[in-house]
Amino acid sequence: MAAKRGTKTSMKNMEKELLCPVCQEMYKQPLVLPCTHNVCQACAREVLGQQGYVGHGGDPSSEPTSPASTPSTRSPRLSRRTLPKPDRLDRLLKSGFGTYPGRKRGALQPQVITFPCPACQGDVELGERGLAGLFRNLTLERVVERYRQSVSVGGAILCQLCKPPPLEATKGCTECRATFCNECFKLFHPWGTQKAQHEPTLPTLSFRPKGLMCPDHKEEVTHYCKTCQRLVCQLCRVRRTHSGHKITPVLSAYQALKDKLTKSLTYILGNQDTVQTQICELEETVRHTEVSGQQAKEEVSQLVRGLGAVLEEKRTSLLQAIEECQQERLARLSAQLQEHRSLLDGSGLVGYAQEVLKETDQPCFVQAAKQLHNRIARATEALQMFRPAASSSFRHCQLDVGREMKLLTELNFLRVPEAPVIDTQRTFAYDQIFLCWRLPPHSPPAWHYTVEFRRTDAPAQPGPARWQRREEVRGTSALLENPDTGSVYVLRVRGCNKAGYGEYSEDVHLHTPPAPVLHFFLDGRWGTSRERLAISKDQRAVRSVPGLPLLLAAERLLTGCHLSVDVVLGDVAVTQGRSYWACAVDPASYLVKVGVGLESKLQESFQGAPDVISPRYDPDSGHDSGAEDATVEALPPFAFLTVGMGKVLLGPAASAHAGLTGRDGPAAGCTVPLPPRLGICLDYERGRVSFLDAVSFRGLLECPLDCSGPVCPAFCFIGGGAVQLQEPVGTKPERKVTIGGFAKLD
């Protein structure tokens, strides 16, 4: 009994879902429009007549969506006829099947009938056949009938063939399209006749066909076209209109759609506490909106009355603006409140969905559940990403009464700041994240800003994405400390003033370095010809000045060329873990090598090293000393990336891995454009060095390295060139300077 009472309550609460948007009465023979909304057949015919379409609404006495709906003009065996054989389909194709009935190929473009949908307020195209090309929503009819029976709408159903007074009907016949009492059913279905084979049904006032029929070919639908999102029959499959479309059996579409709808409905029913909480929050927001709106109106009225008769006309317009804003918000909040109330168990949309899930007819279910699933999906998304449809604050309605009297005629509400614009040229991630932005030119000023950020690659958690927030940021930049390495952060910012918060800026995505950032300075004590290396005062930039030797080499170009390798090292050495640093190479540099190496080998190789012949000298492998003759398996003590003349030279292995080929094949190596910044990632335990594009973090080269001792950054110059270390975003590390034998912190 309790279950029955619950079912009746559920049916009563979903009456809104069963009302036709045209006549506001329960659906009668509803048709499914191309926009997935429903409308009564009689209402649709009336609307088309008002639009000036004559003869496209179908015969009122017939049911254009199903041939089985007129059993008096059709044999019962025709509704159960078998599908056409393949040879018949071939004959239909060869005979020009695919054209519209009654129209020759090459005829003029037929008239396209448009129907103004009252639900979505849009014009939908019905094609040249009008309502005759629409399916009838049999599932919705069954739900309406069950609803009528549960609430006893219209009283008992009487036998249509009894003599007055008629008895209460106990059976119905779809073939005869009538309701019978027990005696009349036996009388009109005698044994030994064809009518005796009619299957009795429950008494009803609306007779429906047993299954959905194709409105074009009067065949039972057996497949579902995912491209057109329409049920089709066997003949529809071979039409040119569905050529190349993705068509699946109706059983597959039925199961897939039912699983999706069941999953979404289970989620909503499993979160009834959340629904109720959000409903309470919306109700509180409505009350707060009413109170806040009333307070805002009173404040504005008091200010405007104090300005005198000159502001009387302005006062009316301001009150009207507040009223419109309040009504708009209340309307949006009320609509959202109604939507959430319909998500309660047994109410509205949920109750309707529960009834639709009882549908066992697969084509009918697919037809009805397609629109329902979209609504359930939107309701699920609204439940997950819940946010009141309107703010209850009316702070933007406050007036600035400190302006001069000459501006009284222009008095208006304060405006919130417009969405800030992220400065992508100055925003980057290194040891910390530096975010910079600006307001549009004509935006109202902002008192302060709110910065929000989150990791996009963090493990997925139930519910909406959670943003971390930095409140009341002064200025137009912010520093986010201690970001996770090897992650992608998305950031946004919005301004705030007396009127409230403005819109968010566009999201900006930043990649953080793959390892902790290594801070170091350049040390020019090692290497040759120190006079050719100009190190900046802050020891974070170096420039190689070739001087006279390069000019002499250019003059002796045909006889020989001797160039020196100038080396500068970092003042720190890595002995464990993973480290990352970045630098920018001047695109005009002749030849620069950026990398790392064993500290002992670097000092041994470049402390007083002789000049080498030609710029093709390669110090990045350590093999020039004959080390490859001693042991082939020994790891190289150096790892360098060669940069020159705005290009990055990739070795044969890197070229083959990247799919790059030169004129001589992958063995010859290839070049790629020099990125704005180069990143070096050292994995000391694995003995690997990776060279990256520090902007996009795209890998350029990875090579092994001997990490048997301390490893330090190194930069080699052959000819003119310049390198700039990337500045740390946070606090700069302390630098030791030796003055007169005493160590002093700079």
# chains A, B, ... in the order shown; residues from 1 in each chain; ligands from 1
$ residues_around --residues "Asn412 of chain A" --least-positions-apart "5" --cutoff "9 Å" --atoms "only C-alpha atoms" --output "JSON, numbers by chain"
{"A": [314, 318, 397, 398, 399, 400]}
$ closest_atom_pairs --of "segment 288-398 of chain A" --to "segment 217-239 of chain A" --cutoff "10 Å" --atoms "only C-alpha atoms" --output "tab-separated table"
residue	atom	partner	partner_atom	distance
A:Gln362	CA	A:Thr222	CA	9.6
A:Pro363	CA	A:Val221	CA	7.2
A:Cys364	CA	A:Leu231	CA	9.7
A:Val366	CA	A:Leu231	CA	8.4
A:Gln367	CA	A:Leu231	CA	7.5
A:Lys370	CA	A:Gln229	CA	8.7
$ closest_residue --among "A:Arg426, A:Arg578, A:Arg332, A:Arg492" --to "Pro388 of chain A" --atoms "only C-alpha atoms"
A:Arg332
$ select_by_dssp --residues "segment 334-530 of chain A" --states "strand (DSSP E)" --output "PyMOL selection string"
chain A and resi 421-422+428-429+433-438+448-455+468-473+477-480+488-497+500-501+508-511+522-523
$ closest_residue --among "A:Glu298, A:Asp259, A:Asp273, A:Glu359" --to "Val143 of chain A" --atoms "only C-alpha atoms"
A:Glu359
$ select_by_dssp --residues "segment 124-309 of chain A" --states "helix (DSSP H, G or I)" --output "ChimeraX atom specification"
/A:130-133,138-151,182-188,194-197,234-237,240-242,250-270,272-306,309
$ residues_around --residues "Leu158 of chain A" --least-positions-apart "6" --cutoff "8 Å" --atoms "only C-alpha atoms" --output "list in words"
Pro166, Leu167, Glu168, Ala169, Thr179, Phe180 and Cys181 of chain A
$ residues_around --residues "Ala335 of chain A" --least-positions-apart "2" --cutoff "12 Å" --atoms "only C-alpha atoms" --output "ChimeraX atom specification"
/A:279,282-283,286,327-333,337-342,388-390
$ closest_atom_pairs --of "segment 347-402 of chain A" --to "segment 500-504 of chain A" --cutoff "12 Å" --atoms "only C-alpha atoms" --output "Markdown table"
| residue | atom | partner | partner_atom | distance |
| --- | --- | --- | --- | --- |
| A:Ser391 | CA | A:Gly500 | CA | 10.3 |
| A:Ser392 | CA | A:Gly500 | CA | 11.3 |
| A:Ser393 | CA | A:Gly500 | CA | 8.2 |
| A:Phe394 | CA | A:Gly500 | CA | 8.5 |
| A:Arg395 | CA | A:Gly500 | CA | 6.1 |
| A:His396 | CA | A:Gly500 | CA | 6.2 |
| A:Cys397 | CA | A:Gly500 | CA | 9.8 |
| A:Gln398 | CA | A:Gly500 | CA | 10.4 |
$ closest_atom_pairs --of "segment 139-258 of chain A" --to "segment 37-54 of chain A" --cutoff "12 Å" --atoms "only C-alpha atoms" --output "tab-separated table"
residue	atom	partner	partner_atom	distance
A:Thr139	CA	A:Asn38	CA	11.6
A:Leu140	CA	A:Asn38	CA	9.0
A:Glu141	CA	A:Cys40	CA	10.4
$ write_last_selection --atoms "C-alpha atoms" --output "compact mmCIF listing (two decimals), in the first residue's frame"
# COMPACT_ATOMS: atom_id res chain seq x y z
CA THR A 139 6.07 6.23 -24.56
CA LEU A 140 4.78 9.64 -23.53
CA GLU A 141 1.24 8.51 -24.34
$ residues_around --residues "Pro728 of chain A" --least-positions-apart "2" --cutoff "12 Å" --atoms "only C-alpha atoms" --output "PyMOL selection string"
chain A and resi 428-434+479+481+516-521+540+580-583+725-726+730-733
$ residues_around --residues "Leu435 of chain A" --least-positions-apart "4" --cutoff "6 Å" --atoms "only C-alpha atoms" --output "number ranges by chain"
A: 427, 477-478
$ write_last_selection --atoms "N, CA, C and O atoms" --output "PDB file, in the first residue's frame"
ATOM      1  N   THR A 427      53.876  36.906 -18.101  1.00  0.00           N
ATOM      2  CA  THR A 427      53.423  35.831 -17.220  1.00  0.00           C
ATOM      3  C   THR A 427      54.178  34.552 -17.545  1.00  0.00           C
ATOM      4  O   THR A 427      54.214  34.126 -18.707  1.00  0.00           O
ATOM      5  N   SER A 477      49.774  42.428 -10.462  1.00  0.00           N
ATOM      6  CA  SER A 477      50.614  41.226 -10.577  1.00  0.00           C
ATOM      7  C   SER A 477      50.520  40.451  -9.283  1.00  0.00           C
ATOM      8  O   SER A 477      50.187  41.017  -8.224  1.00  0.00           O
ATOM      9  N   ALA A 478      50.800  39.153  -9.382  1.00  0.00           N
ATOM     10  CA  ALA A 478      50.744  38.285  -8.210  1.00  0.00           C
ATOM     11  C   ALA A 478      51.809  37.216  -8.343  1.00  0.00           C
ATOM     12  O   ALA A 478      52.186  36.809  -9.452  1.00  0.00           O
TER      13      ALA A 478
END
$ atom_distance --atom1 "atom CA of Asp586 of chain A" --atom2 "atom CA of Pro675 of chain A"
10.3 Å
$ residues_around --residues "Cys716 of chain A" --least-positions-apart "2" --cutoff "9 Å" --atoms "only C-alpha atoms" --output "PyMOL selection string"
chain A and resi 565-569+591-595+619+640+714+718
$ atom_distance --atom1 "atom CA of Thr204 of chain A" --atom2 "atom CA of Glu145 of chain A"
7.6 Å
$ decode --residues "segment 111-143 of chain A" --atoms "N, CA, C and O atoms" --output "PDB file, in the first residue's frame"
ATOM      1  N   GLN A 111       8.794  22.803 -51.066  1.00  0.00           N
ATOM      2  CA  GLN A 111       8.572  23.768 -49.995  1.00  0.00           C
ATOM      3  C   GLN A 111       8.965  23.144 -48.656  1.00  0.00           C
ATOM      4  O   GLN A 111       8.543  22.038 -48.331  1.00  0.00           O
ATOM      5  N   VAL A 112       9.780  23.844 -47.910  1.00  0.00           N
ATOM      6  CA  VAL A 112      10.210  23.380 -46.591  1.00  0.00           C
ATOM      7  C   VAL A 112       9.309  24.013 -45.550  1.00  0.00           C
ATOM      8  O   VAL A 112       9.213  25.239 -45.455  1.00  0.00           O
ATOM      9  N   ILE A 113       8.640  23.175 -44.777  1.00  0.00           N
ATOM     10  CA  ILE A 113       7.701  23.652 -43.771  1.00  0.00           C
ATOM     11  C   ILE A 113       8.452  23.882 -42.467  1.00  0.00           C
ATOM     12  O   ILE A 113       9.200  23.017 -42.005  1.00  0.00           O
ATOM     13  N   THR A 114       8.273  25.038 -41.886  1.00  0.00           N
ATOM     14  CA  THR A 114       8.887  25.363 -40.597  1.00  0.00           C
ATOM     15  C   THR A 114       7.797  25.438 -39.537  1.00  0.00           C
ATOM     16  O   THR A 114       6.677  25.906 -39.802  1.00  0.00           O
ATOM     17  N   PHE A 115       8.146  24.967 -38.353  1.00  0.00           N
ATOM     18  CA  PHE A 115       7.190  24.919 -37.247  1.00  0.00           C
ATOM     19  C   PHE A 115       7.764  25.695 -36.075  1.00  0.00           C
ATOM     20  O   PHE A 115       8.879  25.401 -35.624  1.00  0.00           O
ATOM     21  N   PRO A 116       7.036  26.698 -35.545  1.00  0.00           N
ATOM     22  CA  PRO A 116       7.542  27.445 -34.379  1.00  0.00           C
ATOM     23  C   PRO A 116       7.350  26.638 -33.105  1.00  0.00           C
ATOM     24  O   PRO A 116       6.231  26.516 -32.597  1.00  0.00           O
ATOM     25  N   CYS A 117       8.416  26.099 -32.590  1.00  0.00           N
ATOM     26  CA  CYS A 117       8.321  25.267 -31.388  1.00  0.00           C
ATOM     27  C   CYS A 117       7.990  26.158 -30.191  1.00  0.00           C
ATOM     28  O   CYS A 117       8.721  27.111 -29.891  1.00  0.00           O
ATOM     29  N   PRO A 118       6.923  25.877 -29.481  1.00  0.00           N
ATOM     30  CA  PRO A 118       6.575  26.722 -28.324  1.00  0.00           C
ATOM     31  C   PRO A 118       7.464  26.477 -27.117  1.00  0.00           C
ATOM     32  O   PRO A 118       7.462  27.281 -26.185  1.00  0.00           O
ATOM     33  N   ALA A 119       8.217  25.376 -27.118  1.00  0.00           N
ATOM     34  CA  ALA A 119       9.058  25.071 -25.958  1.00  0.00           C
ATOM     35  C   ALA A 119      10.397  25.783 -26.028  1.00  0.00           C
ATOM     36  O   ALA A 119      10.829  26.429 -25.068  1.00  0.00           O
ATOM     37  N   CYS A 120      11.074  25.662 -27.165  1.00  0.00           N
ATOM     38  CA  CYS A 120      12.397  26.285 -27.300  1.00  0.00           C
ATOM     39  C   CYS A 120      12.353  27.612 -28.039  1.00  0.00           C
ATOM     40  O   CYS A 120      13.400  28.238 -28.249  1.00  0.00           O
ATOM     41  N   GLN A 121      11.162  28.047 -28.467  1.00  0.00           N
ATOM     42  CA  GLN A 121      10.981  29.330 -29.148  1.00  0.00           C
ATOM     43  C   GLN A 121      11.813  29.431 -30.420  1.00  0.00           C
ATOM     44  O   GLN A 121      12.257  30.515 -30.795  1.00  0.00           O
ATOM     45  N   GLY A 122      12.053  28.315 -31.066  1.00  0.00           N
ATOM     46  CA  GLY A 122      12.822  28.307 -32.304  1.00  0.00           C
ATOM     47  C   GLY A 122      12.008  27.712 -33.435  1.00  0.00           C
ATOM     48  O   GLY A 122      11.032  26.972 -33.224  1.00  0.00           O
ATOM     49  N   ASP A 123      12.380  28.055 -34.658  1.00  0.00           N
ATOM     50  CA  ASP A 123      11.721  27.511 -35.840  1.00  0.00           C
ATOM     51  C   ASP A 123      12.431  26.241 -36.269  1.00  0.00           C
ATOM     52  O   ASP A 123      13.638  26.258 -36.544  1.00  0.00           O
ATOM     53  N   VAL A 124      11.706  25.135 -36.312  1.00  0.00           N
ATOM     54  CA  VAL A 124      12.269  23.843 -36.717  1.00  0.00           C
ATOM     55  C   VAL A 124      11.703  23.469 -38.076  1.00  0.00           C
ATOM     56  O   VAL A 124      10.539  23.750 -38.387  1.00  0.00           O
ATOM     57  N   GLU A 125      12.532  22.858 -38.893  1.00  0.00           N
ATOM     58  CA  GLU A 125      12.122  22.453 -40.234  1.00  0.00           C
ATOM     59  C   GLU A 125      11.502  21.063 -40.183  1.00  0.00           C
ATOM     60  O   GLU A 125      12.083  20.126 -39.629  1.00  0.00           O
ATOM     61  N   LEU A 126      10.319  20.946 -40.777  1.00  0.00           N
ATOM     62  CA  LEU A 126       9.616  19.663 -40.838  1.00  0.00           C
ATOM     63  C   LEU A 126       9.776  18.971 -42.177  1.00  0.00           C
ATOM     64  O   LEU A 126       9.312  17.843 -42.337  1.00  0.00           O
ATOM     65  N   GLY A 127      10.433  19.632 -43.132  1.00  0.00           N
ATOM     66  CA  GLY A 127      10.523  19.040 -44.457  1.00  0.00           C
ATOM     67  C   GLY A 127       9.267  19.322 -45.250  1.00  0.00           C
ATOM     68  O   GLY A 127       8.339  20.018 -44.820  1.00  0.00           O
ATOM     69  N   GLU A 128       9.200  18.739 -46.435  1.00  0.00           N
ATOM     70  CA  GLU A 128       8.054  19.004 -47.298  1.00  0.00           C
ATOM     71  C   GLU A 128       6.825  18.181 -46.908  1.00  0.00           C
ATOM     72  O   GLU A 128       5.710  18.494 -47.318  1.00  0.00           O
ATOM     73  N   ARG A 129       6.992  17.147 -46.074  1.00  0.00           N
ATOM     74  CA  ARG A 129       5.852  16.307 -45.703  1.00  0.00           C
ATOM     75  C   ARG A 129       5.131  16.838 -44.480  1.00  0.00           C
ATOM     76  O   ARG A 129       4.063  16.346 -44.132  1.00  0.00           O
ATOM     77  N   GLY A 130       5.711  17.801 -43.793  1.00  0.00           N
ATOM     78  CA  GLY A 130       5.046  18.381 -42.646  1.00  0.00           C
ATOM     79  C   GLY A 130       4.940  17.408 -41.492  1.00  0.00           C
ATOM     80  O   GLY A 130       5.875  16.668 -41.167  1.00  0.00           O
ATOM     81  N   LEU A 131       3.765  17.378 -40.866  1.00  0.00           N
ATOM     82  CA  LEU A 131       3.560  16.513 -39.704  1.00  0.00           C
ATOM     83  C   LEU A 131       3.575  15.042 -40.065  1.00  0.00           C
ATOM     84  O   LEU A 131       3.766  14.186 -39.192  1.00  0.00           O
ATOM     85  N   ALA A 132       3.364  14.718 -41.344  1.00  0.00           N
ATOM     86  CA  ALA A 132       3.355  13.314 -41.756  1.00  0.00           C
ATOM     87  C   ALA A 132       4.722  12.673 -41.631  1.00  0.00           C
ATOM     88  O   ALA A 132       4.829  11.447 -41.650  1.00  0.00           O
ATOM     89  N   GLY A 133       5.774  13.468 -41.502  1.00  0.00           N
ATOM     90  CA  GLY A 133       7.117  12.912 -41.381  1.00  0.00           C
ATOM     91  C   GLY A 133       7.603  12.806 -39.950  1.00  0.00           C
ATOM     92  O   GLY A 133       8.784  12.527 -39.733  1.00  0.00           O
ATOM     93  N   LEU A 134       6.711  13.039 -38.978  1.00  0.00           N
ATOM     94  CA  LEU A 134       7.112  12.999 -37.575  1.00  0.00           C
ATOM     95  C   LEU A 134       6.688  11.694 -36.924  1.00  0.00           C
ATOM     96  O   LEU A 134       5.685  11.087 -37.299  1.00  0.00           O
ATOM     97  N   PHE A 135       7.466  11.287 -35.927  1.00  0.00           N
ATOM     98  CA  PHE A 135       7.125  10.115 -35.141  1.00  0.00           C
ATOM     99  C   PHE A 135       6.164  10.504 -34.023  1.00  0.00           C
ATOM    100  O   PHE A 135       6.174  11.626 -33.518  1.00  0.00           O
ATOM    101  N   ARG A 136       5.389   9.536 -33.651  1.00  0.00           N
ATOM    102  CA  ARG A 136       4.476   9.717 -32.531  1.00  0.00           C
ATOM    103  C   ARG A 136       5.152   9.191 -31.266  1.00  0.00           C
ATOM    104  O   ARG A 136       5.753   8.115 -31.269  1.00  0.00           O
ATOM    105  N   ASN A 137       5.075   9.943 -30.184  1.00  0.00           N
ATOM    106  CA  ASN A 137       5.725   9.577 -28.923  1.00  0.00           C
ATOM    107  C   ASN A 137       4.809   8.634 -28.148  1.00  0.00           C
ATOM    108  O   ASN A 137       4.031   9.052 -27.294  1.00  0.00           O
ATOM    109  N   LEU A 138       4.949   7.352 -28.443  1.00  0.00           N
ATOM    110  CA  LEU A 138       4.086   6.364 -27.795  1.00  0.00           C
ATOM    111  C   LEU A 138       4.427   6.203 -26.323  1.00  0.00           C
ATOM    112  O   LEU A 138       3.548   5.934 -25.497  1.00  0.00           O
ATOM    113  N   THR A 139       5.689   6.348 -25.980  1.00  0.00           N
ATOM    114  CA  THR A 139       6.067   6.230 -24.563  1.00  0.00           C
ATOM    115  C   THR A 139       5.413   7.326 -23.737  1.00  0.00           C
ATOM    116  O   THR A 139       4.908   7.074 -22.629  1.00  0.00           O
ATOM    117  N   LEU A 140       5.414   8.544 -24.248  1.00  0.00           N
ATOM    118  CA  LEU A 140       4.778   9.645 -23.532  1.00  0.00           C
ATOM    119  C   LEU A 140       3.284   9.403 -23.401  1.00  0.00           C
ATOM    120  O   LEU A 140       2.680   9.719 -22.365  1.00  0.00           O
ATOM    121  N   GLU A 141       2.665   8.826 -24.429  1.00  0.00           N
ATOM    122  CA  GLU A 141       1.239   8.514 -24.335  1.00  0.00           C
ATOM    123  C   GLU A 141       0.977   7.513 -23.218  1.00  0.00           C
ATOM    124  O   GLU A 141       0.011   7.648 -22.458  1.00  0.00           O
ATOM    125  N   ARG A 142       1.833   6.509 -23.094  1.00  0.00           N
ATOM    126  CA  ARG A 142       1.650   5.517 -22.029  1.00  0.00           C
ATOM    127  C   ARG A 142       1.817   6.155 -20.652  1.00  0.00           C
ATOM    128  O   ARG A 142       1.091   5.831 -19.711  1.00  0.00           O
ATOM    129  N   VAL A 143       2.789   7.053 -20.521  1.00  0.00           N
ATOM    130  CA  VAL A 143       2.976   7.735 -19.239  1.00  0.00           C
ATOM    131  C   VAL A 143       1.756   8.590 -18.906  1.00  0.00           C
ATOM    132  O   VAL A 143       1.294   8.619 -17.757  1.00  0.00           O
TER     133      VAL A 143
END
